[in-house]
$ cat query09.cif   # mmCIF, C-alpha atoms, pLDDT in the B column; chains and numbers go by the auth columns
data_run
loop_
_atom_site.group_PDB
_atom_site.id
_atom_site.type_symbol
_atom_site.label_atom_id
_atom_site.label_comp_id
_atom_site.label_asym_id
_atom_site.label_seq_id
_atom_site.Cartn_x
_atom_site.Cartn_y
_atom_site.Cartn_z
_atom_site.B_iso_or_equiv
_atom_site.auth_seq_id
_atom_site.auth_asym_id
ATOM 1 C CA GLY A 1 14.451 -7.252 3.337 45.00 1 A
ATOM 2 C CA GLU A 2 15.024 -7.267 -0.378 59.00 2 A
ATOM 3 C CA ASP A 3 16.242 -4.005 -1.826 80.00 3 A
ATOM 4 C CA VAL A 4 17.841 -3.512 -5.227 90.00 4 A
ATOM 5 C CA GLU A 5 19.454 -0.123 -5.701 92.00 5 A
ATOM 6 C CA GLN A 6 20.395 1.845 -8.785 93.00 6 A
ATOM 7 C CA SER A 7 21.265 5.442 -9.483 89.00 7 A
ATOM 8 C CA LEU A 8 18.368 7.292 -11.105 90.00 8 A
ATOM 9 C CA PHE A 9 20.051 9.055 -14.014 95.00 9 A
ATOM 10 C CA LEU A 10 22.983 8.707 -16.385 97.00 10 A
ATOM 11 C CA SER A 11 23.844 10.999 -19.244 97.00 11 A
ATOM 12 C CA VAL A 12 26.428 10.069 -21.905 98.00 12 A
ATOM 13 C CA ARG A 13 27.617 11.343 -25.245 97.00 13 A
ATOM 14 C CA GLU A 14 26.807 9.324 -28.339 98.00 14 A
ATOM 15 C CA GLY A 15 29.666 6.928 -29.121 98.00 15 A
ATOM 16 C CA ASP A 16 30.926 6.769 -25.532 98.00 16 A
ATOM 17 C CA SER A 17 30.489 3.789 -23.221 98.00 17 A
ATOM 18 C CA SER A 18 27.739 3.742 -20.611 98.00 18 A
ATOM 19 C CA VAL A 19 28.055 1.918 -17.314 98.00 19 A
ATOM 20 C CA ILE A 20 24.937 1.334 -15.231 98.00 20 A
ATOM 21 C CA ASN A 21 25.435 -0.012 -11.729 97.00 21 A
ATOM 22 C CA CYS A 22 23.225 -2.018 -9.412 96.00 22 A
ATOM 23 C CA THR A 23 23.556 -3.425 -5.908 95.00 23 A
ATOM 24 C CA TYR A 24 21.379 -6.292 -4.765 92.00 24 A
ATOM 25 C CA THR A 25 20.780 -8.060 -1.487 87.00 25 A
ATOM 26 C CA ASP A 26 19.827 -11.697 -2.057 82.00 26 A
ATOM 27 C CA SER A 27 23.020 -13.742 -2.219 79.00 27 A
ATOM 28 C CA SER A 28 20.986 -16.807 -3.203 82.00 28 A
ATOM 29 C CA SER A 29 19.737 -15.237 -6.453 81.00 29 A
ATOM 30 C CA THR A 30 20.056 -17.761 -9.260 83.00 30 A
ATOM 31 C CA TYR A 31 20.025 -15.240 -12.063 90.00 31 A
ATOM 32 C CA LEU A 32 20.434 -11.493 -12.291 93.00 32 A
ATOM 33 C CA TYR A 33 18.677 -9.664 -15.064 95.00 33 A
ATOM 34 C CA TRP A 34 18.878 -6.421 -17.002 97.00 34 A
ATOM 35 C CA TYR A 35 15.669 -5.115 -18.551 97.00 35 A
ATOM 36 C CA LYS A 36 15.168 -2.138 -20.874 97.00 36 A
ATOM 37 C CA GLN A 37 12.065 0.042 -20.943 96.00 37 A
ATOM 38 C CA GLU A 38 11.521 2.400 -23.853 95.00 38 A
ATOM 39 C CA PRO A 39 9.062 5.303 -23.495 91.00 39 A
ATOM 40 C CA GLY A 40 5.447 4.203 -23.296 89.00 40 A
ATOM 41 C CA ALA A 41 6.293 0.499 -23.408 92.00 41 A
ATOM 42 C CA GLY A 42 6.665 -2.466 -21.111 92.00 42 A
ATOM 43 C CA LEU A 43 9.974 -3.933 -20.015 94.00 43 A
ATOM 44 C CA GLN A 44 11.974 -6.175 -22.320 95.00 44 A
ATOM 45 C CA LEU A 45 14.746 -8.506 -21.281 94.00 45 A
ATOM 46 C CA LEU A 46 18.111 -7.171 -22.385 95.00 46 A
ATOM 47 C CA THR A 47 20.452 -9.762 -20.926 95.00 47 A
ATOM 48 C CA TYR A 48 21.013 -11.888 -17.852 94.00 48 A
ATOM 49 C CA ILE A 49 23.860 -13.558 -16.001 95.00 49 A
ATOM 50 C CA PHE A 50 23.902 -16.779 -14.064 92.00 50 A
ATOM 51 C CA SER A 51 25.044 -16.315 -10.499 88.00 51 A
ATOM 52 C CA ASN A 52 28.138 -18.510 -10.879 90.00 52 A
ATOM 53 C CA MET A 53 29.524 -16.322 -13.675 91.00 53 A
ATOM 54 C CA ASP A 54 31.683 -13.218 -13.324 94.00 54 A
ATOM 55 C CA MET A 55 31.154 -11.765 -16.760 96.00 55 A
ATOM 56 C CA LYS A 56 28.963 -12.131 -19.794 96.00 56 A
ATOM 57 C CA GLN A 57 29.405 -10.399 -23.129 96.00 57 A
ATOM 58 C CA ASP A 58 26.727 -10.064 -25.768 93.00 58 A
ATOM 59 C CA GLN A 59 27.661 -7.816 -28.708 95.00 59 A
ATOM 60 C CA ARG A 60 27.779 -4.259 -27.294 97.00 60 A
ATOM 61 C CA LEU A 61 26.677 -5.367 -23.842 97.00 61 A
ATOM 62 C CA THR A 62 28.963 -6.536 -21.044 97.00 62 A
ATOM 63 C CA VAL A 63 27.617 -7.655 -17.688 97.00 63 A
ATOM 64 C CA LEU A 64 29.950 -7.848 -14.703 97.00 64 A
ATOM 65 C CA LEU A 65 28.994 -9.589 -11.473 96.00 65 A
ATOM 66 C CA ASN A 66 30.826 -9.197 -8.175 94.00 66 A
ATOM 67 C CA LYS A 67 29.141 -11.640 -5.820 92.00 67 A
ATOM 68 C CA LYS A 68 31.265 -10.685 -2.836 92.00 68 A
ATOM 69 C CA ASP A 69 30.063 -7.093 -2.990 93.00 69 A
ATOM 70 C CA LYS A 70 26.636 -8.002 -4.476 92.00 70 A
ATOM 71 C CA HIS A 71 27.329 -5.593 -7.304 95.00 71 A
ATOM 72 C CA LEU A 72 26.125 -5.899 -10.872 96.00 72 A
ATOM 73 C CA SER A 73 26.976 -3.623 -13.767 97.00 73 A
ATOM 74 C CA LEU A 74 25.900 -3.240 -17.378 98.00 74 A
ATOM 75 C CA ARG A 75 28.291 -1.682 -19.862 98.00 75 A
ATOM 76 C CA ILE A 76 26.993 -0.528 -23.233 98.00 76 A
ATOM 77 C CA ALA A 77 29.771 0.099 -25.730 98.00 77 A
ATOM 78 C CA ASP A 78 29.429 2.744 -28.468 98.00 78 A
ATOM 79 C CA THR A 79 26.193 4.087 -26.965 98.00 79 A
ATOM 80 C CA GLN A 80 23.627 5.228 -29.534 97.00 80 A
ATOM 81 C CA THR A 81 20.586 7.494 -29.282 96.00 81 A
ATOM 82 C CA GLY A 82 18.427 4.377 -29.579 95.00 82 A
ATOM 83 C CA ASP A 83 19.860 3.211 -26.264 97.00 83 A
ATOM 84 C CA SER A 84 18.060 6.045 -24.469 97.00 84 A
ATOM 85 C CA ALA A 85 15.673 4.269 -22.106 97.00 85 A
ATOM 86 C CA ILE A 86 15.221 3.215 -18.506 96.00 86 A
ATOM 87 C CA TYR A 87 17.313 0.216 -17.467 97.00 87 A
ATOM 88 C CA PHE A 88 16.258 -2.032 -14.600 96.00 88 A
ATOM 89 C CA CYS A 89 18.291 -4.665 -12.850 95.00 89 A
ATOM 90 C CA ALA A 90 16.458 -7.501 -11.094 94.00 90 A
ATOM 91 C CA GLU A 91 17.385 -10.286 -8.727 92.00 91 A
ATOM 92 C CA THR A 92 15.540 -13.554 -8.275 88.00 92 A
ATOM 93 C CA HIS A 93 13.819 -14.239 -4.970 84.00 93 A
ATOM 94 C CA THR A 94 11.835 -17.489 -4.622 84.00 94 A
ATOM 95 C CA ASP A 95 8.966 -17.229 -7.119 86.00 95 A
ATOM 96 C CA LYS A 96 9.512 -13.646 -8.175 90.00 96 A
ATOM 97 C CA LEU A 97 11.926 -10.972 -9.330 91.00 97 A
ATOM 98 C CA ILE A 98 12.856 -7.941 -7.274 91.00 98 A
ATOM 99 C CA PHE A 99 13.437 -4.920 -9.495 92.00 99 A
ATOM 100 C CA GLY A 100 15.603 -1.914 -8.868 92.00 100 A
ATOM 101 C CA THR A 101 14.346 1.647 -9.168 91.00 101 A
ATOM 102 C CA GLY A 102 15.625 1.928 -12.738 94.00 102 A
ATOM 103 C CA THR A 103 18.323 4.126 -14.286 96.00 103 A
ATOM 104 C CA ARG A 104 17.262 6.584 -16.948 96.00 104 A
ATOM 105 C CA LEU A 105 19.959 6.716 -19.628 97.00 105 A
ATOM 106 C CA GLN A 106 20.032 9.832 -21.759 97.00 106 A
ATOM 107 C CA VAL A 107 22.273 9.866 -24.826 97.00 107 A
ATOM 108 C CA PHE A 108 23.166 13.244 -26.301 95.00 108 A
ATOM 109 C CA PRO A 109 24.862 13.951 -29.643 91.00 109 A
ATOM 110 C CA ASN B 1 1.798 -15.242 -30.630 75.00 1 B
ATOM 111 C CA ALA B 2 0.423 -12.093 -29.062 84.00 2 B
ATOM 112 C CA GLY B 3 2.564 -12.590 -25.932 94.00 3 B
ATOM 113 C CA VAL B 4 1.159 -10.650 -22.976 97.00 4 B
ATOM 114 C CA THR B 5 -1.748 -8.304 -23.600 97.00 5 B
ATOM 115 C CA GLN B 6 -3.448 -5.880 -21.227 98.00 6 B
ATOM 116 C CA THR B 7 -6.883 -4.311 -21.343 97.00 7 B
ATOM 117 C CA PRO B 8 -7.570 -1.385 -21.208 97.00 8 B
ATOM 118 C CA LYS B 9 -4.589 0.761 -22.227 96.00 9 B
ATOM 119 C CA PHE B 10 -5.869 3.908 -20.495 96.00 10 B
ATOM 120 C CA ARG B 11 -8.537 4.617 -17.910 97.00 11 B
ATOM 121 C CA VAL B 12 -9.682 7.541 -15.809 97.00 12 B
ATOM 122 C CA LEU B 13 -11.657 6.784 -12.658 97.00 13 B
ATOM 123 C CA LYS B 14 -13.269 8.905 -10.005 98.00 14 B
ATOM 124 C CA THR B 15 -12.426 8.227 -6.369 98.00 15 B
ATOM 125 C CA GLY B 16 -14.522 5.343 -5.063 97.00 16 B
ATOM 126 C CA GLN B 17 -15.218 3.755 -8.442 98.00 17 B
ATOM 127 C CA SER B 18 -14.235 0.185 -9.157 97.00 18 B
ATOM 128 C CA MET B 19 -12.615 -1.444 -12.158 96.00 19 B
ATOM 129 C CA THR B 20 -10.883 -4.600 -13.342 98.00 20 B
ATOM 130 C CA LEU B 21 -7.700 -4.779 -15.378 98.00 21 B
ATOM 131 C CA LEU B 22 -7.322 -7.843 -17.567 98.00 22 B
ATOM 132 C CA CYS B 23 -4.061 -9.553 -18.424 98.00 23 B
ATOM 133 C CA ALA B 24 -3.865 -12.403 -20.917 98.00 24 B
ATOM 134 C CA GLN B 25 -0.919 -14.511 -22.065 98.00 25 B
ATOM 135 C CA ASP B 26 -0.739 -17.130 -24.788 96.00 26 B
ATOM 136 C CA MET B 27 2.605 -18.705 -23.847 96.00 27 B
ATOM 137 C CA ASN B 28 1.206 -21.302 -21.434 96.00 28 B
ATOM 138 C CA HIS B 29 3.139 -19.733 -18.574 96.00 29 B
ATOM 139 C CA GLU B 30 2.441 -20.846 -15.019 96.00 30 B
ATOM 140 C CA TYR B 31 3.516 -17.644 -13.292 97.00 31 B
ATOM 141 C CA MET B 32 1.814 -14.279 -13.656 97.00 32 B
ATOM 142 C CA TYR B 33 2.462 -10.956 -11.938 97.00 33 B
ATOM 143 C CA TRP B 34 0.935 -7.524 -11.481 98.00 34 B
ATOM 144 C CA TYR B 35 3.214 -4.533 -10.882 97.00 35 B
ATOM 145 C CA ARG B 36 2.735 -0.822 -10.537 97.00 36 B
ATOM 146 C CA GLN B 37 5.301 1.672 -11.751 96.00 37 B
ATOM 147 C CA ASP B 38 5.634 5.083 -10.167 92.00 38 B
ATOM 148 C CA PRO B 39 8.321 7.728 -10.837 84.00 39 B
ATOM 149 C CA GLY B 40 11.493 7.099 -8.845 79.00 40 B
ATOM 150 C CA MET B 41 10.131 3.912 -7.291 82.00 41 B
ATOM 151 C CA GLY B 42 10.749 1.356 -9.982 87.00 42 B
ATOM 152 C CA LEU B 43 8.426 -1.606 -10.263 92.00 43 B
ATOM 153 C CA ARG B 44 6.596 -2.773 -7.180 94.00 44 B
ATOM 154 C CA LEU B 45 4.887 -6.141 -7.063 95.00 45 B
ATOM 155 C CA ILE B 46 1.188 -6.009 -6.155 97.00 46 B
ATOM 156 C CA HIS B 47 0.089 -9.642 -6.397 98.00 47 B
ATOM 157 C CA TYR B 48 1.250 -12.712 -8.228 97.00 48 B
ATOM 158 C CA SER B 49 0.166 -16.227 -9.094 97.00 49 B
ATOM 159 C CA VAL B 50 2.189 -19.428 -9.345 96.00 50 B
ATOM 160 C CA GLY B 51 -0.523 -21.316 -11.208 95.00 51 B
ATOM 161 C CA GLU B 52 -4.188 -21.492 -12.088 96.00 52 B
ATOM 162 C CA GLY B 53 -6.377 -20.989 -9.029 95.00 53 B
ATOM 163 C CA THR B 54 -3.562 -19.585 -6.853 96.00 54 B
ATOM 164 C CA THR B 55 -2.722 -16.030 -5.817 97.00 55 B
ATOM 165 C CA ALA B 56 -0.241 -14.469 -3.417 97.00 56 B
ATOM 166 C CA LYS B 57 0.470 -11.001 -2.052 97.00 57 B
ATOM 167 C CA GLY B 58 3.404 -8.973 -3.204 95.00 58 B
ATOM 168 C CA GLU B 59 4.998 -5.866 -1.790 92.00 59 B
ATOM 169 C CA VAL B 60 2.019 -3.481 -2.116 96.00 60 B
ATOM 170 C CA PRO B 61 -1.231 -5.521 -2.109 98.00 61 B
ATOM 171 C CA ASP B 62 -3.517 -3.183 -0.131 97.00 62 B
ATOM 172 C CA GLY B 63 -6.500 -1.875 -2.096 97.00 63 B
ATOM 173 C CA TYR B 64 -6.193 -4.529 -4.810 98.00 64 B
ATOM 174 C CA ASN B 65 -7.586 -7.996 -5.375 97.00 65 B
ATOM 175 C CA VAL B 66 -6.713 -10.583 -8.012 98.00 66 B
ATOM 176 C CA SER B 67 -8.081 -13.758 -9.512 98.00 67 B
ATOM 177 C CA ARG B 68 -6.590 -16.493 -11.695 97.00 68 B
ATOM 178 C CA LEU B 69 -9.527 -18.632 -12.738 96.00 69 B
ATOM 179 C CA LYS B 70 -7.915 -19.592 -16.044 96.00 70 B
ATOM 180 C CA LYS B 71 -4.237 -20.239 -16.613 97.00 71 B
ATOM 181 C CA GLN B 72 -3.993 -17.663 -19.382 97.00 72 B
ATOM 182 C CA ASN B 73 -5.750 -14.808 -17.551 98.00 73 B
ATOM 183 C CA PHE B 74 -4.855 -12.780 -14.461 98.00 74 B
ATOM 184 C CA LEU B 75 -7.304 -10.099 -13.316 98.00 75 B
ATOM 185 C CA LEU B 76 -6.479 -7.149 -11.081 98.00 76 B
ATOM 186 C CA GLY B 77 -9.381 -5.454 -9.329 98.00 77 B
ATOM 187 C CA LEU B 78 -9.690 -2.121 -7.599 97.00 78 B
ATOM 188 C CA GLU B 79 -12.826 -2.154 -5.449 93.00 79 B
ATOM 189 C CA SER B 80 -12.771 1.501 -4.410 97.00 80 B
ATOM 190 C CA ALA B 81 -10.212 3.522 -6.326 97.00 81 B
ATOM 191 C CA ALA B 82 -8.115 6.159 -4.544 97.00 82 B
ATOM 192 C CA PRO B 83 -5.878 8.903 -6.016 97.00 83 B
ATOM 193 C CA SER B 84 -2.865 7.032 -4.579 97.00 84 B
ATOM 194 C CA GLN B 85 -3.615 4.274 -7.084 98.00 85 B
ATOM 195 C CA THR B 86 -2.862 6.562 -10.010 97.00 86 B
ATOM 196 C CA SER B 87 -0.046 4.694 -11.710 98.00 87 B
ATOM 197 C CA VAL B 88 1.024 2.627 -14.675 97.00 88 B
ATOM 198 C CA TYR B 89 0.176 -1.038 -14.184 98.00 89 B
ATOM 199 C CA PHE B 90 2.147 -3.815 -15.830 97.00 90 B
ATOM 200 C CA CYS B 91 1.353 -7.466 -16.087 98.00 91 B
ATOM 201 C CA ALA B 92 4.058 -10.069 -16.670 97.00 92 B
ATOM 202 C CA SER B 93 4.275 -13.819 -17.051 97.00 93 B
ATOM 203 C CA SER B 94 7.037 -16.397 -16.855 95.00 94 B
ATOM 204 C CA TYR B 95 7.580 -20.113 -17.304 92.00 95 B
ATOM 205 C CA GLN B 96 9.538 -20.396 -14.053 86.00 96 B
ATOM 206 C CA GLY B 97 9.429 -18.293 -10.906 82.00 97 B
ATOM 207 C CA SER B 98 13.055 -17.285 -11.285 78.00 98 B
ATOM 208 C CA GLY B 99 12.941 -17.082 -15.034 83.00 99 B
ATOM 209 C CA GLU B 100 12.622 -14.367 -17.596 89.00 100 B
ATOM 210 C CA GLN B 101 9.427 -12.376 -17.298 94.00 101 B
ATOM 211 C CA TYR B 102 7.532 -11.198 -20.349 95.00 102 B
ATOM 212 C CA PHE B 103 5.741 -7.899 -19.910 96.00 103 B
ATOM 213 C CA GLY B 104 2.554 -6.451 -21.322 96.00 104 B
ATOM 214 C CA PRO B 105 2.414 -2.894 -22.709 96.00 105 B
ATOM 215 C CA GLY B 106 0.915 -1.422 -19.532 96.00 106 B
ATOM 216 C CA THR B 107 -2.300 0.292 -18.425 97.00 107 B
ATOM 217 C CA ARG B 108 -2.172 3.956 -17.468 97.00 108 B
ATOM 218 C CA LEU B 109 -4.720 4.590 -14.717 98.00 109 B
ATOM 219 C CA THR B 110 -5.631 8.006 -13.356 97.00 110 B
ATOM 220 C CA VAL B 111 -7.851 8.371 -10.307 98.00 111 B
ATOM 221 C CA THR B 112 -9.279 11.846 -9.745 97.00 112 B
#

$ encode --input "query09.cif" --output "structure tokens"
Amino acid sequence: GEDVEQSLFLSVREGDSSVINCTYTDSSSTYLYWYKQEPGAGLQLLTYIFSNMDMKQDQRLTVLLNKKDKHLSLRIADTQTGDSAIYFCAETHTDKLIFGTGTRLQVFP
Amino acid sequence: NAGVTQTPKFRVLKTGQSMTLLCAQDMNHEYMYWYRQDPGMGLRLIHYSVGEGTTAKGEVPDGYNVSRLKKQNFLLGLESAAPSQTSVYFCASSYQGSGEQYFGPGTRLTVT
């Protein structure tokens, strides 16, 4: 069945890079997504990558996709306290998205 | 544009009571979804709809019913609430099934 896995927690120092990892199962996923959830709020799309790409860069964000290993990562450069949130990866599956368990990123000074 | 809105924001129910959660979107999206979020379990899909008048079961549909009588609204019903349904409920909509989903702010439900 579909199962998207992420580690639950990540703690980084302000100014360092953060790398959040995700493994997915559906090799036919068209897109892979990263969503951000701030406390008390819904999820917001952070970035996405098309399945035929290996990498996508968007300002401080870099997404890497390894289709062979079904591994997706999100790198946040120069992490700030405002980046503290829960980050979800998601794969497409027919008419829906399958979300991972979420990684809580804590940024300390 | 208001985007995706959810009503109510908070609710406390006693076991056995019923209630309906309302989701509305003003983006003319075909697809709408109901999720529940529990600690350590991420988002789990309850039910979804691929268009007005259609509904389908997700990963955890038991104890819930849905209706999509109008394209812009998606209702989630709990007929007889149980403590296991204590959760945060999110509604989302999208233009395409594999496309970006837009989320509402959530409804925090507690069943005692």

$ closest_atom_pairs --input "query09.cif" --of "chain B" --to "chain A" --cutoff "9 Å" --atoms "all atoms listed in the file" --output "tab-separated table"
residue	atom	partner	partner_atom	distance
B:Tyr31	CA	A:Asp95	CA	8.2
B:Tyr33	CA	A:Lys96	CA	8.4
B:Pro39	CA	A:Thr101	CA	8.7
B:Gly40	CA	A:Thr101	CA	6.2
B:Met41	CA	A:Thr101	CA	5.1
B:Gly42	CA	A:Thr101	CA	3.7
B:Leu43	CA	A:Phe99	CA	6.1
B:Arg44	CA	A:Phe99	CA	7.5
B:Leu45	CA	A:Ile98	CA	8.2
B:Tyr48	CA	A:Lys96	CA	8.3
B:Val50	CA	A:Asp95	CA	7.5
B:Phe90	CA	A:Gly42	CA	7.1
B:Cys91	CA	A:Gly42	CA	8.9
B:Gln96	CA	A:Asp95	CA	7.6
B:Gly97	CA	A:Asp95	CA	4.0
B:Ser98	CA	A:Thr92	CA	5.4
B:Gly99	CA	A:Tyr31	CA	7.9
B:Glu100	CA	A:Leu45	CA	7.2
B:Gln101	CA	A:Leu45	CA	7.7
B:Tyr102	CA	A:Gln44	CA	7.0
B:Phe103	CA	A:Gly42	CA	5.6
B:Gly104	CA	A:Gly42	CA	5.7
B:Pro105	CA	A:Gly42	CA	4.6
B:Gly106	CA	A:Gly42	CA	6.1

$ resolve_selection --input "query09.cif" --expression "the PyMOL selection byres ((chain B and resi 14) around 12)" --output "list in words"
Arg11, Val12, Leu13, Thr15, Gly16, Gln17, Ser18, Met19, Leu78, Glu79, Ser80, Ala81, Ala82, Pro83, Ser84, Gln85, Thr86, Leu109, Thr110, Val111 and Thr112 of chain B

$ residues_around --input "query09.cif" --residues "Ile49 (chain A)" --least-positions-apart "2" --cutoff "10 Å" --atoms "all atoms listed in the file" --output "MDAnalysis selection string"
chainID A and resid 30:34 47 51:57 63:65 72

$ resolve_selection --input "query09.cif" --expression "the PyMOL selection byres ((chain A and resi 75) around 8)" --output "tab-separated table (two decimals) with C-alpha atoms, in the coordinates of the input"
chain	number	residue	atom	x	y	z
A	17	SER	CA	30.49	3.79	-23.22
A	18	SER	CA	27.74	3.74	-20.61
A	19	VAL	CA	28.06	1.92	-17.31
A	20	ILE	CA	24.94	1.33	-15.23
A	60	ARG	CA	27.78	-4.26	-27.29
A	61	LEU	CA	26.68	-5.37	-23.84
A	62	THR	CA	28.96	-6.54	-21.04
A	63	VAL	CA	27.62	-7.66	-17.69
A	73	SER	CA	26.98	-3.62	-13.77
A	74	LEU	CA	25.90	-3.24	-17.38
A	76	ILE	CA	26.99	-0.53	-23.23
A	77	ALA	CA	29.77	0.10	-25.73

$ closest_residue --input "query09.cif" --among "A:Ser27, A:Pro109, A:Leu46, A:Asp58" --to "Gly15 (chain A)" --atoms "all atoms listed in the file"
A:Pro109
